[in-house]
Amino acid sequence: MSGAASYLARRAVQKERVRILYRRALKDTLNWAVHRHLFYPDADALRERFDANKNVEDIETIDRMIADGEAQYNKWRHPDPYIVPWAPGGSKFTRNPTPPSGIEIVYDYGREDH
């Protein structure tokens, strides 16, 4: 019974690694082709590459294919990925940070009570 459980656990880990690899590769494809009309054919080609091997059943072959795919992804990863401006690492991230404690912001400047 433990052999079957071990097999199922390994298959679950493989499926998760493939899912993560596909999502990363798909997002990175958008870094290379920012416009959607250029992105869609590349995304379709990526999906075809993953679908071509979805019926492979040998565990060792699957592990080898995942390792090859991860190596290829790391080799062709975009050197300067697009980051949404307000996300961490984006150009607007923490542009207006909260002021440090002890500094008071006066919102009605010029209309203070005398």
# chains A, B, ... in the order shown; residues from 1 in each chain; ligands from 1

call {"tool": "residues_around", "arguments": {"residues": "region 25-33 of chain A", "least_positions_apart": "5", "cutoff": "10 Å", "atoms": "only C-alpha atoms", "output": "ChimeraX atom specification"}}
result
/A:19-20,38-40,42-44,46-47,69-70,72-74,76-83

call {"tool": "residues_around", "arguments": {"residues": "Arg11 (chain A)", "least_positions_apart": "3", "cutoff": "10 Å", "atoms": "only C-alpha atoms", "output": "MDAnalysis selection string"}}
result
chainID A and resid 5:8 14:17 57 59 62:63

call {"tool": "atom_distance", "arguments": {"atom1": "CA of Glu48 (chain A)", "atom2": "CA of Val18 (chain A)"}}
result
13.8 Å

call {"tool": "closest_residue", "arguments": {"among": "A:Val34, A:Ile66, A:Ile103, A:Ala87", "to": "Asn53 (chain A)", "atoms": "only C-alpha atoms"}}
result
A:Ile66

call {"tool": "atom_distance", "arguments": {"atom1": "CA of Val84 (chain A)", "atom2": "CA of Tyr22 (chain A)"}}
result
20.4 Å

call {"tool": "atom_distance", "arguments": {"atom1": "CA of Asn55 (chain A)", "atom2": "CA of Lys75 (chain A)"}}
result
25.8 Å

call {"tool": "closest_residue", "arguments": {"among": "A:Pro85, A:Lys92, A:Arg10, A:Arg23", "to": "Glu60 (chain A)", "atoms": "only C-alpha atoms"}}
result
A:Arg10

call {"tool": "select_by_dssp", "arguments": {"residues": "region 9-113 of chain A", "states": "alpha helix (DSSP H)", "output": "ChimeraX atom specification"}}
result
/A:9-32,36-51,59-76

call {"tool": "write_last_selection", "arguments": {"atoms": "C-alpha atoms", "output": "tab-separated table (two decimals), in the first residue's frame"}}
result
chain	number	residue	atom	x	y	z
A	9	ALA	CA	2.41	11.55	-3.74
A	10	ARG	CA	5.19	11.77	-6.33
A	11	ARG	CA	2.67	12.28	-9.13
A	12	ALA	CA	0.99	15.07	-7.14
A	13	VAL	CA	4.35	16.81	-6.68
A	14	GLN	CA	5.07	16.44	-10.41
A	15	LYS	CA	1.70	17.93	-11.35
A	16	GLU	CA	2.33	20.89	-9.08
A	17	ARG	CA	5.81	21.46	-10.54
A	18	VAL	CA	4.40	21.34	-14.07
A	19	ARG	CA	1.63	23.77	-13.14
A	20	ILE	CA	4.13	26.20	-11.59
A	21	LEU	CA	6.47	25.88	-14.58
A	22	TYR	CA	3.63	26.52	-17.04
A	23	ARG	CA	2.41	29.60	-15.16
A	24	ARG	CA	5.90	31.05	-14.88
A	25	ALA	CA	6.63	30.42	-18.54
A	26	LEU	CA	3.30	31.92	-19.58
A	27	LYS	CA	3.86	35.06	-17.52
A	28	ASP	CA	7.40	35.34	-18.85
A	29	THR	CA	6.10	35.02	-22.41
A	30	LEU	CA	4.11	38.19	-21.75
A	31	ASN	CA	7.38	39.91	-20.76
A	32	TRP	CA	8.84	39.15	-24.20
A	36	ARG	CA	-1.56	40.91	-26.70
A	37	HIS	CA	-1.66	40.34	-30.46
A	38	LEU	CA	1.97	39.21	-30.23
A	39	PHE	CA	1.45	37.29	-27.01
A	40	TYR	CA	-1.41	35.01	-28.07
A	41	PRO	CA	0.49	32.99	-30.73
A	42	ASP	CA	3.41	32.53	-28.33
A	43	ALA	CA	1.05	31.44	-25.55
A	44	ASP	CA	-0.62	28.95	-27.91
A	45	ALA	CA	2.77	27.51	-28.89
A	46	LEU	CA	3.71	27.16	-25.22
A	47	ARG	CA	0.44	25.39	-24.46
A	48	GLU	CA	0.99	23.00	-27.39
A	49	ARG	CA	4.43	22.11	-26.02
A	50	PHE	CA	2.93	21.22	-22.65
A	51	ASP	CA	-0.06	19.38	-24.14
A	59	ILE	CA	7.73	8.80	-13.59
A	60	GLU	CA	11.44	9.05	-14.37
A	61	THR	CA	10.73	10.46	-17.83
A	62	ILE	CA	8.38	13.03	-16.33
A	63	ASP	CA	11.01	14.09	-13.76
A	64	ARG	CA	13.59	14.45	-16.53
A	65	MET	CA	11.20	16.47	-18.70
A	66	ILE	CA	10.35	18.78	-15.80
A	67	ALA	CA	14.04	19.33	-15.03
A	68	ASP	CA	14.73	20.05	-18.72
A	69	GLY	CA	11.78	22.46	-18.86
A	70	GLU	CA	12.91	24.31	-15.73
A	71	ALA	CA	16.46	24.57	-17.08
A	72	GLN	CA	15.18	25.89	-20.41
A	73	TYR	CA	12.92	28.38	-18.61
A	74	ASN	CA	15.83	29.65	-16.50
A	75	LYS	CA	18.00	29.97	-19.61
A	76	TRP	CA	15.42	32.00	-21.58
